[in-house]
$ cat target-v4.cif   # mmCIF, C-alpha atoms
data_input
#
loop_
_atom_site.group_PDB
_atom_site.id
_atom_site.type_symbol
_atom_site.label_atom_id
_atom_site.label_comp_id
_atom_site.auth_asym_id
_atom_site.auth_seq_id
_atom_site.Cartn_x
_atom_site.Cartn_y
_atom_site.Cartn_z
ATOM 1 C CA MET B 1 -0.909 13.968 5.524
ATOM 2 C CA SER B 2 2.826 14.494 6.084
ATOM 3 C CA ILE B 3 2.628 12.380 9.254
ATOM 4 C CA LEU B 4 0.816 9.647 7.323
ATOM 5 C CA CYS B 5 3.596 9.626 4.732
ATOM 6 C CA VAL B 6 6.205 9.061 7.446
ATOM 7 C CA LEU B 7 4.151 6.243 8.970
ATOM 8 C CA TRP B 8 3.594 4.543 5.620
ATOM 9 C CA GLY B 9 7.282 4.892 4.788
ATOM 10 C CA LEU B 10 8.031 3.024 8.007
ATOM 11 C CA GLN B 11 5.478 0.283 7.331
ATOM 12 C CA GLN B 12 7.666 -1.952 5.155
ATOM 13 C CA ILE B 13 10.729 -1.156 7.277
ATOM 14 C CA SER B 14 8.910 -2.383 10.378
ATOM 15 C CA LEU B 15 7.821 -5.610 8.665
ATOM 16 C CA LYS B 16 11.385 -6.213 7.482
ATOM 17 C CA ALA B 17 12.919 -5.420 10.878
ATOM 18 C CA ALA B 18 10.450 -7.696 12.678
ATOM 19 C CA ALA B 19 11.030 -10.637 10.300
ATOM 20 C CA PRO B 20 13.442 -12.413 12.715
ATOM 21 C CA VAL B 21 10.657 -12.642 15.339
ATOM 22 C CA ALA B 22 7.538 -12.774 13.128
ATOM 23 C CA SER B 23 6.918 -13.779 9.537
ATOM 24 C CA PRO B 24 5.794 -10.702 7.548
ATOM 25 C CA MET B 25 2.675 -12.432 6.239
ATOM 26 C CA LEU B 26 1.628 -13.596 9.694
ATOM 27 C CA MET B 27 2.324 -10.104 11.063
ATOM 28 C CA VAL B 28 0.011 -8.563 8.441
ATOM 29 C CA ALA B 29 -2.727 -11.095 9.253
ATOM 30 C CA VAL B 30 -2.504 -10.520 13.010
ATOM 31 C CA ARG B 31 -2.297 -6.737 12.693
ATOM 32 C CA SER B 32 -5.414 -6.829 10.504
ATOM 33 C CA LEU B 33 -7.289 -8.781 13.169
ATOM 34 C CA VAL B 34 -6.300 -6.343 15.934
ATOM 35 C CA ALA B 35 -7.218 -3.337 13.790
ATOM 36 C CA LEU B 36 -10.499 -5.005 12.767
ATOM 37 C CA LEU B 37 -11.482 -5.499 16.416
ATOM 38 C CA LEU B 38 -10.723 -1.847 17.166
ATOM 39 C CA LEU B 39 -12.643 -0.712 14.096
ATOM 40 C CA SER B 40 -15.622 -2.906 14.975
ATOM 41 C CA THR B 41 -15.721 -1.337 18.440
ATOM 42 C CA LEU B 42 -15.634 2.134 16.909
ATOM 43 C CA MET B 43 -18.410 1.294 14.461
ATOM 44 C CA TRP B 44 -20.530 -0.199 17.258
ATOM 45 C CA GLN B 45 -20.125 2.948 19.360
ATOM 46 C CA ARG B 46 -21.110 5.124 16.413
ATOM 47 C CA GLY B 47 -24.014 2.913 15.418
ATOM 48 C CA ASP B 48 -22.495 2.295 11.979
ATOM 49 C CA ARG B 49 -23.851 -0.776 10.219
ATOM 50 C CA PRO B 50 -22.418 -2.189 6.991
ATOM 51 C CA ASP B 51 -24.787 -1.857 4.058
ATOM 52 C CA PRO B 52 -25.704 -5.355 2.737
ATOM 53 C CA ARG B 53 -25.677 -3.926 -0.801
ATOM 54 C CA HIS B 54 -21.911 -3.404 -0.495
ATOM 55 C CA ARG B 55 -21.004 -6.995 0.323
ATOM 56 C CA ARG B 56 -20.043 -8.073 -3.179
ATOM 57 C CA ALA B 57 -17.895 -4.996 -3.753
ATOM 58 C CA GLY B 58 -16.493 -5.419 -0.241
ATOM 59 C CA ALA B 59 -15.467 -8.997 -0.955
ATOM 60 C CA LEU B 60 -13.637 -7.858 -4.098
ATOM 61 C CA VAL B 61 -11.872 -4.970 -2.374
ATOM 62 C CA GLY B 62 -10.946 -7.156 0.602
ATOM 63 C CA SER B 63 -9.499 -9.822 -1.679
ATOM 64 C CA LEU B 64 -7.432 -7.294 -3.635
ATOM 65 C CA PHE B 65 -6.165 -5.721 -0.404
ATOM 66 C CA ALA B 66 -5.147 -9.165 0.864
ATOM 67 C CA LEU B 67 -3.422 -9.893 -2.438
ATOM 68 C CA GLU B 68 -1.466 -6.642 -2.215
ATOM 69 C CA PHE B 69 -0.050 -7.452 1.201
ATOM 70 C CA LEU B 70 0.500 -11.092 0.330
ATOM 71 C CA LEU B 71 2.795 -9.836 -2.412
ATOM 72 C CA VAL B 72 4.392 -7.260 -0.087
ATOM 73 C CA ALA B 73 5.102 -9.916 2.543
ATOM 74 C CA GLU B 74 6.660 -12.198 -0.054
ATOM 75 C CA ALA B 75 8.664 -9.359 -1.611
ATOM 76 C CA LEU B 76 10.207 -8.468 1.746
ATOM 77 C CA ARG B 77 11.633 -11.990 1.960
ATOM 78 C CA PHE B 78 13.714 -11.424 -1.156
ATOM 79 C CA THR B 79 14.488 -7.750 -1.598
ATOM 80 C CA GLN B 80 15.135 -4.577 0.352
ATOM 81 C CA ALA B 81 12.411 -2.567 2.071
ATOM 82 C CA SER B 82 13.428 0.508 0.051
ATOM 83 C CA HIS B 83 12.723 -1.388 -3.175
ATOM 84 C CA VAL B 84 9.358 -2.610 -1.899
ATOM 85 C CA VAL B 85 8.116 0.851 -0.946
ATOM 86 C CA VAL B 86 9.048 2.362 -4.324
ATOM 87 C CA PHE B 87 7.547 -0.408 -6.434
ATOM 88 C CA GLN B 88 4.427 -0.684 -4.268
ATOM 89 C CA TYR B 89 3.791 3.023 -4.739
ATOM 90 C CA THR B 90 3.543 2.629 -8.503
ATOM 91 C CA ALA B 91 -0.147 1.967 -7.735
ATOM 92 C CA PRO B 92 -1.320 5.348 -9.154
ATOM 93 C CA LEU B 93 0.010 4.320 -12.574
ATOM 94 C CA PHE B 94 -2.053 1.140 -12.650
ATOM 95 C CA ALA B 95 -5.077 2.940 -11.219
ATOM 96 C CA ALA B 96 -4.824 5.623 -13.906
ATOM 97 C CA LEU B 97 -4.648 3.006 -16.670
ATOM 98 C CA GLY B 98 -7.645 1.163 -15.237
ATOM 99 C CA LEU B 99 -9.706 4.322 -14.824
ATOM 100 C CA HIS B 100 -8.785 5.351 -18.380
ATOM 101 C CA ALA B 101 -10.292 2.109 -19.638
ATOM 102 C CA ARG B 102 -13.397 2.187 -17.431
ATOM 103 C CA LEU B 103 -14.476 5.830 -17.040
ATOM 104 C CA PRO B 104 -14.750 8.295 -19.938
ATOM 105 C CA ALA B 105 -14.178 11.191 -17.521
ATOM 106 C CA GLU B 106 -10.808 9.713 -16.538
ATOM 107 C CA ARG B 107 -9.248 9.550 -19.997
ATOM 108 C CA LEU B 108 -5.506 10.112 -20.029
ATOM 109 C CA GLY B 109 -4.168 13.092 -21.960
ATOM 110 C CA ARG B 110 -0.877 13.328 -23.836
ATOM 111 C CA LEU B 111 1.003 14.580 -20.800
ATOM 112 C CA GLN B 112 -0.330 11.708 -18.699
ATOM 113 C CA TRP B 113 0.803 9.180 -21.318
ATOM 114 C CA VAL B 114 4.267 10.752 -21.223
ATOM 115 C CA GLY B 115 4.188 10.280 -17.463
ATOM 116 C CA ILE B 116 3.187 6.630 -17.856
ATOM 117 C CA ALA B 117 6.060 6.019 -20.271
ATOM 118 C CA LEU B 118 8.531 7.878 -18.055
ATOM 119 C CA ALA B 119 7.472 5.960 -14.948
ATOM 120 C CA PHE B 120 7.667 2.541 -16.565
ATOM 121 C CA GLY B 121 11.054 3.456 -18.009
ATOM 122 C CA GLY B 122 12.089 4.312 -14.464
ATOM 123 C CA ILE B 123 10.785 0.950 -13.272
ATOM 124 C CA ALA B 124 12.940 -0.829 -15.848
ATOM 125 C CA LEU B 125 15.985 1.167 -14.759
ATOM 126 C CA ALA B 126 15.228 0.581 -11.062
ATOM 127 C CA PHE B 127 15.210 -3.158 -11.709
ATOM 128 C CA LEU B 128 18.804 -2.859 -12.868
ATOM 129 C CA GLY B 129 19.635 -1.440 -9.455
ATOM 130 C CA GLY B 130 18.630 -4.670 -7.761
ATOM 131 C CA HIS B 131 22.127 -6.148 -7.929
ATOM 132 C CA ALA B 132 22.684 -5.880 -4.176
ATOM 133 C CA GLY B 133 24.624 -9.027 -3.413
ATOM 134 C CA PRO B 134 27.348 -11.286 -4.816
ATOM 135 C CA GLY B 135 26.408 -14.086 -7.150
ATOM 136 C CA ASP B 136 23.652 -14.737 -9.637
ATOM 137 C CA SER B 137 21.378 -16.361 -7.038
ATOM 138 C CA ALA B 138 21.400 -13.234 -4.844
ATOM 139 C CA ILE B 139 20.647 -11.058 -7.854
ATOM 140 C CA ALA B 140 17.783 -13.345 -8.891
ATOM 141 C CA ARG B 141 16.287 -13.160 -5.388
ATOM 142 C CA VAL B 142 16.338 -9.370 -5.409
ATOM 143 C CA LEU B 143 14.794 -9.208 -8.872
ATOM 144 C CA LEU B 144 12.061 -11.638 -7.789
ATOM 145 C CA GLY B 145 11.327 -9.494 -4.753
ATOM 146 C CA ASP B 146 11.208 -6.370 -6.910
ATOM 147 C CA ALA B 147 8.779 -8.053 -9.308
ATOM 148 C CA LEU B 148 6.516 -9.111 -6.436
ATOM 149 C CA ALA B 149 6.540 -5.557 -5.052
ATOM 150 C CA LEU B 150 5.588 -4.206 -8.474
ATOM 151 C CA MET B 151 2.712 -6.690 -8.612
ATOM 152 C CA ALA B 152 1.652 -5.415 -5.183
ATOM 153 C CA GLY B 153 1.485 -1.935 -6.694
ATOM 154 C CA ALA B 154 -0.730 -3.299 -9.457
ATOM 155 C CA ALA B 155 -3.000 -4.936 -6.854
ATOM 156 C CA TRP B 156 -3.260 -1.638 -4.985
ATOM 157 C CA GLY B 157 -4.141 0.112 -8.245
ATOM 158 C CA ALA B 158 -6.828 -2.510 -8.864
ATOM 159 C CA THR B 159 -8.191 -1.864 -5.360
ATOM 160 C CA THR B 160 -8.462 1.849 -6.137
ATOM 161 C CA LEU B 161 -10.255 1.028 -9.388
ATOM 162 C CA ALA B 162 -12.684 -1.273 -7.570
ATOM 163 C CA LEU B 163 -13.433 1.400 -4.981
ATOM 164 C CA ARG B 164 -14.041 4.082 -7.609
ATOM 165 C CA CYS B 165 -16.215 1.909 -9.857
ATOM 166 C CA SER B 166 -18.370 0.138 -7.260
ATOM 167 C CA SER B 167 -21.019 0.983 -4.678
ATOM 168 C CA LEU B 168 -18.224 1.477 -2.105
ATOM 169 C CA ALA B 169 -17.427 4.829 -3.739
ATOM 170 C CA SER B 170 -20.078 6.399 -1.504
ATOM 171 C CA ALA B 171 -19.603 4.143 1.534
ATOM 172 C CA PRO B 172 -18.284 5.469 4.858
ATOM 173 C CA ALA B 173 -14.547 5.211 5.484
ATOM 174 C CA THR B 174 -15.089 2.768 8.330
ATOM 175 C CA GLU B 175 -17.017 0.328 6.149
ATOM 176 C CA THR B 176 -14.429 0.440 3.376
ATOM 177 C CA LEU B 177 -11.621 -0.200 5.834
ATOM 178 C CA MET B 178 -13.599 -2.991 7.501
ATOM 179 C CA TYR B 179 -13.795 -4.991 4.267
ATOM 180 C CA GLN B 180 -10.081 -4.562 3.619
ATOM 181 C CA LEU B 181 -8.997 -5.611 7.104
ATOM 182 C CA LEU B 182 -11.399 -8.555 7.073
ATOM 183 C CA GLY B 183 -10.088 -9.721 3.717
ATOM 184 C CA ALA B 184 -6.469 -9.463 4.845
ATOM 185 C CA PHE B 185 -7.102 -11.480 8.023
ATOM 186 C CA VAL B 186 -9.376 -14.165 6.551
ATOM 187 C CA LEU B 187 -7.162 -14.831 3.527
ATOM 188 C CA LEU B 188 -3.620 -14.247 4.791
ATOM 189 C CA LEU B 189 -3.831 -16.217 8.045
ATOM 190 C CA PRO B 190 -4.482 -19.607 6.383
ATOM 191 C CA ILE B 191 -2.023 -18.825 3.591
ATOM 192 C CA ALA B 192 0.662 -18.102 6.196
ATOM 193 C CA GLY B 193 -0.055 -21.449 7.833
ATOM 194 C CA LEU B 194 -0.153 -23.450 4.610
ATOM 195 C CA SER B 195 3.071 -21.854 3.316
ATOM 196 C CA GLY B 196 4.959 -22.471 6.553
ATOM 197 C CA GLN B 197 5.287 -18.773 7.370
ATOM 198 C CA TRP B 198 4.134 -19.282 10.921
ATOM 199 C CA HIS B 199 7.159 -17.955 12.776
ATOM 200 C CA TRP B 200 6.022 -16.034 15.870
ATOM 201 C CA GLN B 201 8.509 -15.426 18.692
ATOM 202 C CA PRO B 202 7.012 -13.351 21.530
ATOM 203 C CA SER B 203 9.390 -10.633 22.643
ATOM 204 C CA PRO B 204 9.374 -6.888 23.392
ATOM 205 C CA THR B 205 10.509 -6.306 19.803
ATOM 206 C CA LEU B 206 7.542 -8.253 18.473
ATOM 207 C CA TRP B 207 5.003 -6.382 20.607
ATOM 208 C CA TRP B 208 6.421 -2.978 19.649
ATOM 209 C CA HIS B 209 6.220 -3.774 15.935
ATOM 210 C CA LEU B 210 2.761 -5.359 16.268
ATOM 211 C CA GLY B 211 1.515 -2.294 18.126
ATOM 212 C CA PHE B 212 2.863 -0.004 15.417
ATOM 213 C CA GLN B 213 1.511 -2.145 12.581
ATOM 214 C CA SER B 214 -1.962 -2.692 14.062
ATOM 215 C CA LEU B 215 -2.780 0.417 16.100
ATOM 216 C CA VAL B 216 -0.919 3.040 14.089
ATOM 217 C CA VAL B 217 -0.775 1.763 10.493
ATOM 218 C CA SER B 218 -3.759 -0.540 9.949
ATOM 219 C CA PHE B 219 -6.217 1.287 12.189
ATOM 220 C CA ALA B 220 -5.390 4.949 12.723
ATOM 221 C CA SER B 221 -3.529 5.818 9.508
ATOM 222 C CA PHE B 222 -5.830 3.963 7.087
ATOM 223 C CA LEU B 223 -8.916 5.411 8.768
ATOM 224 C CA ALA B 224 -7.394 8.893 8.633
ATOM 225 C CA TRP B 225 -6.583 8.392 4.929
ATOM 226 C CA PHE B 226 -10.136 7.480 3.981
ATOM 227 C CA TRP B 227 -11.442 10.386 6.061
ATOM 228 C CA LEU B 228 -9.081 12.780 4.269
ATOM 229 C CA LEU B 229 -10.251 11.509 0.875
ATOM 230 C CA ARG B 230 -13.835 12.383 1.807
ATOM 231 C CA HIS B 231 -13.034 15.895 3.094
ATOM 232 C CA TYR B 232 -10.154 17.227 0.969
ATOM 233 C CA LEU B 233 -9.257 17.399 -2.707
ATOM 234 C CA ALA B 234 -7.689 14.144 -3.850
ATOM 235 C CA SER B 235 -5.218 16.090 -6.002
ATOM 236 C CA ARG B 236 -3.695 17.844 -2.982
ATOM 237 C CA LEU B 237 -3.476 14.611 -1.033
ATOM 238 C CA GLY B 238 -1.880 12.904 -4.021
ATOM 239 C CA VAL B 239 0.964 15.419 -4.098
ATOM 240 C CA PHE B 240 1.708 14.723 -0.438
ATOM 241 C CA SER B 241 1.589 10.955 -0.946
ATOM 242 C CA PHE B 242 4.642 11.196 -3.224
ATOM 243 C CA LEU B 243 6.637 11.774 -0.051
ATOM 244 C CA THR B 244 6.040 8.201 1.105
ATOM 245 C CA PRO B 245 8.412 6.342 -1.258
ATOM 246 C CA VAL B 246 11.036 9.081 -0.838
ATOM 247 C CA LEU B 247 10.849 8.841 2.943
ATOM 248 C CA GLY B 248 10.693 5.050 2.727
ATOM 249 C CA VAL B 249 13.973 4.906 0.823
ATOM 250 C CA LEU B 250 15.728 7.367 3.139
ATOM 251 C CA LEU B 251 14.469 5.633 6.276
ATOM 252 C CA SER B 252 15.441 2.204 4.920
ATOM 253 C CA VAL B 253 18.992 3.377 4.282
ATOM 254 C CA TRP B 254 19.157 4.981 7.719
ATOM 255 C CA LEU B 255 17.405 2.394 9.900
ATOM 256 C CA LEU B 256 18.223 -0.853 8.067
ATOM 257 C CA ASP B 257 21.599 0.155 6.562
ATOM 258 C CA GLU B 258 20.352 -0.835 3.125
ATOM 259 C CA PRO B 259 22.610 0.041 0.190
ATOM 260 C CA LEU B 260 21.435 2.690 -2.248
ATOM 261 C CA GLU B 261 22.367 1.731 -5.807
ATOM 262 C CA ALA B 262 22.682 4.484 -8.405
ATOM 263 C CA PRO B 263 20.451 2.825 -11.075
ATOM 264 C CA PHE B 264 17.729 2.200 -8.502
ATOM 265 C CA LEU B 265 17.960 5.777 -7.231
ATOM 266 C CA VAL B 266 17.729 7.277 -10.728
ATOM 267 C CA GLY B 267 14.936 4.903 -11.700
ATOM 268 C CA SER B 268 12.997 5.848 -8.564
ATOM 269 C CA VAL B 269 13.269 9.523 -9.443
ATOM 270 C CA LEU B 270 11.892 8.777 -12.933
ATOM 271 C CA VAL B 271 9.026 6.769 -11.431
ATOM 272 C CA LEU B 272 8.074 9.626 -9.115
ATOM 273 C CA ALA B 273 8.349 12.140 -11.946
ATOM 274 C CA GLY B 274 6.102 9.989 -14.114
ATOM 275 C CA ILE B 275 3.521 9.627 -11.342
ATOM 276 C CA GLY B 276 3.631 13.394 -10.913
ATOM 277 C CA LEU B 277 2.809 13.898 -14.599
ATOM 278 C CA VAL B 278 -0.013 11.348 -14.444
ATOM 279 C CA ASN B 279 -1.529 13.283 -11.552
ATOM 280 C CA ARG B 280 -1.302 16.689 -13.222
ATOM 281 C CA PRO B 281 -4.594 18.419 -14.142
ATOM 282 C CA THR B 282 -6.038 17.514 -17.508
ATOM 283 C CA GLY B 283 -8.768 19.231 -19.439
ATOM 284 C CA ALA B 284 -10.975 22.088 -18.335
ATOM 285 C CA THR B 285 -12.006 20.407 -15.104
ATOM 286 C CA GLY B 286 -8.465 20.188 -13.800
ATOM 287 C CA ARG B 287 -8.887 16.586 -12.714
ATOM 288 C CA ARG B 288 -6.076 14.730 -10.998
ATOM 289 C CA ARG B 289 -5.686 11.071 -10.223
ATOM 290 C CA LEU B 290 -4.365 9.220 -7.211
#
$ encode --input "target-v4.cif" --output "structure tokens"
Amino acid sequence: MSILCVLWGLQQISLKAAAPVASPMLMVAVRSLVALLLLSTLMWQRGDRPDPRHRRAGALVGSLFALEFLLVAEALRFTQASHVVVFQYTAPLFAALGLHARLPAERLGRLQWVGIALAFGGIALAFLGGHAGPGDSAIARVLLGDALALMAGAAWGATTLALRCSSLASAPATETLMYQLLGAFVLLLPIAGLSGQWHWQPSPTLWWHLGFQSLVVSFASFLAWFWLLRHYLASRLGVFSFLTPVLGVLLSVWLLDEPLEAPFLVGSVLVLAGIGLVNRPTGATGRRRL
């Protein structure tokens, strides 16, 4: 799980670093295709066949997954990778609110509501830290990117809600991942073409980033994540996943020389603290949320 956190922290950094040779949206579409081909081969070798009863839920989950990375790709055009990783990982907040509304067993307690308030206060403060550039136009671009990244977090939370409340809750990890990769490829590739984000400059840099994004992130890490969710307590995995935005910020500052503004740093700490409270046990069952 610690290794997965490092890889996920590098995900947005890689997309940002590869932007001069490949549009982020096109990179996500192509990496999804490569990972989908690898996954299909694995499923064929195992004899895994998608259950036709899951198609409707799969279409929903695939569309939400595509929406999340559409927003991530757009956010990276306007703001820093460190901002994107923090705002994208607000997903547990949106998932908790959705589960509270849909499942009686997932009702939020007082402590969880305090966490929600604390995290959204941190989000507001982190937005004030987006003033990384001279002039109002630069500030507006960063704020737009931050808003898109926050919407990506909401889309991820909606994906979690769809998985928990549909027939895919009991589906194999490979089938769940298949729908997400298929949705990302089918939807993002034409959107990249229609929006003019078709920049693709073959080079060693491009192939290294594509290999990392497709083989390591989209295939191996996502498959490992779903496998972990089926074999270990979600609460323990959730604690580890808090490392991802922290590592993402540190790696962005180190590898991309991104500035670290004080309001954004303090706001990020509040967001993580709020997510931690939301994921604390509640009630006699000691439930925790991702």
$ atom_distance --input "target-v4.cif" --atom1 "CA of Leu187 (chain B)" --atom2 "CA of Ser63 (chain B)"
7.6 Å
$ atom_distance --input "target-v4.cif" --atom1 "CA of Leu144 (chain B)" --atom2 "CA of Pro263 (chain B)"
17.0 Å
$ residues_around --input "target-v4.cif" --residues "region 101-118 of chain B" --least-positions-apart "3" --cutoff "6 Å" --atoms "only C-alpha atoms" --output "PDB file with C-alpha atoms, in the frame of the given file"
ATOM      1  CA  GLY B  98      -7.645   1.163 -15.237  1.00  0.00           C
ATOM      2  CA  GLY B 121      11.054   3.456 -18.009  1.00  0.00           C
ATOM      3  CA  GLY B 274       6.102   9.989 -14.114  1.00  0.00           C
ATOM      4  CA  LEU B 277       2.809  13.898 -14.599  1.00  0.00           C
ATOM      5  CA  VAL B 278      -0.013  11.348 -14.444  1.00  0.00           C
TER       6      VAL B 278
END
$ atom_distance --input "target-v4.cif" --atom1 "CA of Ala149 (chain B)" --atom2 "CA of Ala19 (chain B)"
16.8 Å
$ resolve_selection --input "target-v4.cif" --expression "the PyMOL selection byres ((chain B and resi 6) around 10)" --output "PyMOL selection string"
chain B and resi 1-5+7-11+241+243-248+251
$ closest_residue --input "target-v4.cif" --among "B:Trp254, B:Tyr89, B:Phe65, B:Phe264" --to "Thr176 (chain B)" --atoms "all atoms listed in the file"
B:Phe65
$ closest_residue --input "target-v4.cif" --among "B:Ala96, B:Ala140, B:Ala173, B:Val28" --to "Met43 (chain B)" --atoms "all atoms listed in the file"
B:Ala173
$ closest_residue --input "target-v4.cif" --among "B:Ser14, B:Leu182, B:Phe212, B:Gly193" --to "Ala81 (chain B)" --atoms "all atoms listed in the file"
B:Ser14
$ closest_residue --input "target-v4.cif" --among "B:Phe226, B:Phe219, B:Tyr179, B:Trp200" --to "Arg31 (chain B)" --atoms "all atoms listed in the file"
B:Phe219
$ residues_around --input "target-v4.cif" --residues "Leu128 (chain B)" --least-positions-apart "4" --cutoff "12 Å" --atoms "all atoms listed in the file" --output "JSON, numbers by chain"
{"B": [83, 121, 122, 123, 124, 132, 139, 140, 142, 143, 146, 147, 261, 262, 263, 264, 265, 266, 267, 268]}
$ closest_residue --input "target-v4.cif" --among "B:Leu163, B:Ala59, B:Ala220, B:Leu99" --to "Ser32 (chain B)" --atoms "only C-alpha atoms"
B:Ala220
$ closest_residue --input "target-v4.cif" --among "B:Ala138, B:Leu93, B:Met27, B:Leu67" --to "Thr79 (chain B)" --atoms "all atoms listed in the file"
B:Ala138
$ resolve_selection --input "target-v4.cif" --expression "the PyMOL selection byres ((chain B and resi 88) around 6)" --output "list in words"
Val84, Val85, Val86, Phe87, Tyr89, Thr90, Ala149, Leu150, Ala152 and Gly153 of chain B
$ residues_around --input "target-v4.cif" --residues "Val186 (chain B)" --least-positions-apart "6" --cutoff "9 Å" --atoms "all atoms listed in the file" --output "PDB file with C-alpha atoms, in the frame of the given file"
ATOM      1  CA  ALA B  29      -2.727 -11.095   9.253  1.00  0.00           C
ATOM      2  CA  LEU B  33      -7.289  -8.781  13.169  1.00  0.00           C
ATOM      3  CA  ALA B  66      -5.147  -9.165   0.864  1.00  0.00           C
TER       4      ALA B  66
END
$ residues_around --input "target-v4.cif" --residues "Phe94 (chain B)" --least-positions-apart "5" --cutoff "8 Å" --atoms "only C-alpha atoms" --output "list in words"
Gly153, Ala154, Gly157 and Ala158 of chain B
$ write_last_selection --input "target-v4.cif" --atoms "C-alpha atoms" --output "PDB file, in the coordinates of the input"
ATOM      1  CA  GLY B 153       1.485  -1.935  -6.694  1.00  0.00           C
ATOM      2  CA  ALA B 154      -0.730  -3.299  -9.457  1.00  0.00           C
ATOM      3  CA  GLY B 157      -4.141   0.112  -8.245  1.00  0.00           C
ATOM      4  CA  ALA B 158      -6.828  -2.510  -8.864  1.00  0.00           C
TER       5      ALA B 158
END
$ residues_around --input "target-v4.cif" --residues "Leu177 (chain B)" --least-positions-apart "3" --cutoff "9 Å" --atoms "all atoms listed in the file" --output "list in words"
Leu36, Leu39, Gly62, Pro172, Ala173, Thr174, Gln180, Leu181, Leu182, Ser218, Phe219, Phe222, Leu223 and Phe226 of chain B
